[in-house]
Amino acid sequence: MPTLVNYSGDDEIYSGGSFYTNPSDLGRLYSIVSNVDVYSPACKRARISAPFLFESSGFEQNMRPSIEVLPDECLFEIFRRVPEGKERSSCASVSKKWLMLLSSIRRSEFCNGNPVAEEEKETAAPVCNDVEMVSCEDNGEVESDGYLTRSLEGKKATDMRLAAIAVGTSSRGGLGKLLIRGSNSVRGVTNRGLSAIARGCPSLRALSLWNVPFVGDEGLFEIAKECHLLEKLDLSNCPSISNKGLIAIAENCPNLSSLNIESCSKIGNEGLQAIGKLCPRLHSISIKDCPLLGDHGVSSLLSSASSVLTRVKLQGLNITDFSLAVIGHYGKAVTNLSLSVLQHVSERGFWVMGNAQGLQKLMSLTITSCRGITDVSLEAIAKGSLNLKQMCLRKCCFVSDNGLVTFAKAAGSLESLQLEECNRITQSGIVGALSNCGTKLKALSLVKCMGIKDMALGMPVPSPCSYLRYLSIRNCPGFGSASLAVVGKLCPQLQHVDLSGLCGITDSGMLPLLESCEAGLVKVNLSGCMSLTDEVVLALARLHGGTLELLNLDGCRKITDASLVAIAENCLFLSDLDLSNCAVTDSGIAVMSSAEQLNLQVLSLSGCSEVSNKSLPCLKKMGRTLVGLNLQKCSSISSSTVELLVESLWRCDILS
């Protein structure tokens, strides 16, 4: 008999045979049983009558195996006495009916203390091939205790599969984490499948439901009733779940520590209010695009959980200045705050949030597409968050140079500043922020800031920012060589430089930057800088070859074999080199392969049309250290050459 080990979730029915082949034997059995009173407690499953045809000589079964004629309450009594492990898995593999009936039995209803069951628990085979004991990692935090986890996506997400998981994992302590993403369009996950998980997996600690329209409050009721250890709940695009389901979770799951609600149109203020009052351990909350949630729910949650709530993310909600005032007053434990697309929050709301002086522990703040962020409110936030270390502003169109400089002066603990699509920021604001940021700023990132224009300053370069280690300026078309030269003088201790997409910079701007970096560059990304030539790479190899570990030259079409010669001679610690779409040839590859001191691990030659089959011996030689090789769009390298490389470099992952 097949076991649940090989159960793949398909819906085939494995019909069992009758225990009696002679109908007359069944008749004798029935004549005996009919005279015996059977006690059936009221709490058992509702009886389903089986079709019998009675005759004078006995009865006939209507084309069904004999055990199938038993009502559900009898099967229930049989199944709850079956030892967990192989026996229970085997029973579940017989038919859909048996599987669903077994999955409807709560773990507390099974008979315990069977020595055979204890023995089988030690020898039971794994329940499903894709269920394994793992140490889960979520949001960058590694769980200290390993537990069973399972993820179902798309058409694989059905009630049958959930029932199989519930029955099969019971012999291994039950499921600890379940992720359901999407749903089968014909037989999608419903409340019945979630109920099976609840009854069979009371040890469930993390539940994630994404895009499951057929799961409603009833399914969440069962989770709340059975899974009292639940710690993390993620509900995304669940249109059938309302406040009632969330209130049930709040009333029965006191260990809830993390809640994520996204695009749940029926969840409103009442549910969030219950979470705040009844979940004393809640430390992380994320709410996005829930139209019924407003100031009442958000403010109630924040004021109730003010002592433990450390991570707050609010996006696309109909909240006003009042909610931000509550955050500023009650967010005494908040360390990470993200506010996005809050259209009804004005400058006053952010100003009050900063001046309330409640965000003393705030370390990371992200604000995206909020019209209320202005120079005035930004200064108030800096003064009210003395421990702020990371600041990210995206699409904040009313922040200007003056606000940025004032913020840099007031935020004395700031270590990382990221500006994205803040188009009123100019070169003057960047230079002013760098010269006034204090001694702790280590990272500056500018992305798509269209207000930056390449112009020489009419004043002397201010005092340098000696602590900046990471500089990223990406896809800012106005940022050119003159700006880059100034930044190089301001930041002499750079180690990581990302200038990808700056097609306007030339050797005249890049060379001063390389000469100003005193600490030694470690990672350099120049992808898309089409105007740079070999002179830059020669200077980079000469000045920083002893520290350089990563170099990306993707799209630098003026880079030739001369650069590869300099890299081979000077870059002793280089492990990652991207030469995609460069003008290198077989000769350059030969030079690198002959450099014994070079130990490349990742090499990309994508789009290098001048590299041909002649480089096969050189690439094989370099394969002694390579773990990744990209040969995509190399038109001069044949498929047979790639096959030979695959055979020779069996430890190397080759893309072609």
# chains A, B, ... in the order shown; residues from 1 in each chain; ligands from 1

$ residues_around --residues "A:Lys448" --least-positions-apart "6" --cutoff "6 Å" --atoms "only C-alpha atoms" --output "PyMOL selection string"
chain A and resi 420-421+475-476

$ write_last_selection --atoms "N, CA and C atoms" --output "PDB file, in the first residue's frame"
ATOM      1  N   GLU A 420      16.487  59.093  -3.431  1.00  0.00           N
ATOM      2  CA  GLU A 420      16.051  58.513  -4.705  1.00  0.00           C
ATOM      3  C   GLU A 420      14.922  59.348  -5.305  1.00  0.00           C
ATOM      4  N   GLU A 421      15.144  59.835  -6.506  1.00  0.00           N
ATOM      5  CA  GLU A 421      14.160  60.651  -7.226  1.00  0.00           C
ATOM      6  C   GLU A 421      13.718  61.866  -6.416  1.00  0.00           C
ATOM      7  N   ASN A 475      22.456  56.311 -12.159  1.00  0.00           N
ATOM      8  CA  ASN A 475      21.432  56.813 -13.084  1.00  0.00           C
ATOM      9  C   ASN A 475      21.036  58.259 -12.805  1.00  0.00           C
ATOM     10  N   CYS A 476      22.036  59.077 -12.514  1.00  0.00           N
ATOM     11  CA  CYS A 476      21.841  60.525 -12.396  1.00  0.00           C
ATOM     12  C   CYS A 476      22.495  61.155 -13.625  1.00  0.00           C
TER      13      CYS A 476
END

$ residues_around --residues "A:Asn436" --least-positions-apart "5" --cutoff "8 Å" --atoms "only C-alpha atoms" --output "mmCIF file with C-alpha atoms, in the first residue's frame"
data_model
loop_
_atom_site.group_PDB
_atom_site.id
_atom_site.type_symbol
_atom_site.label_atom_id
_atom_site.label_comp_id
_atom_site.auth_asym_id
_atom_site.auth_seq_id
_atom_site.Cartn_x
_atom_site.Cartn_y
_atom_site.Cartn_z
ATOM 1 C CA VAL A 405 21.894 70.518 4.652
ATOM 2 C CA ALA A 408 22.647 66.692 7.917
ATOM 3 C CA LYS A 409 23.656 69.194 10.602
#

$ residues_around --residues "A:Ser604" --least-positions-apart "4" --cutoff "9 Å" --atoms "only C-alpha atoms" --output "MDAnalysis selection string"
chainID A and resid 554 576:580 628:632

$ write_last_selection --atoms "C-alpha atoms" --output "PDB file, in the first residue's frame"
ATOM      1  CA  ASP A 554      29.839  46.151 -18.151  1.00  0.00           C
ATOM      2  CA  ASP A 576      34.918  39.154  -9.457  1.00  0.00           C
ATOM      3  CA  LEU A 577      35.462  40.722 -12.909  1.00  0.00           C
ATOM      4  CA  ASP A 578      32.690  41.765 -15.317  1.00  0.00           C
ATOM      5  CA  LEU A 579      33.889  42.558 -18.870  1.00  0.00           C
ATOM      6  CA  SER A 580      30.488  42.296 -20.545  1.00  0.00           C
ATOM      7  CA  GLY A 628      31.071  31.245 -12.318  1.00  0.00           C
ATOM      8  CA  LEU A 629      31.567  31.999 -16.027  1.00  0.00           C
ATOM      9  CA  ASN A 630      29.182  34.023 -18.219  1.00  0.00           C
ATOM     10  CA  LEU A 631      29.517  33.448 -21.984  1.00  0.00           C
ATOM     11  CA  GLN A 632      26.072  34.645 -23.036  1.00  0.00           C
TER      12      GLN A 632
END
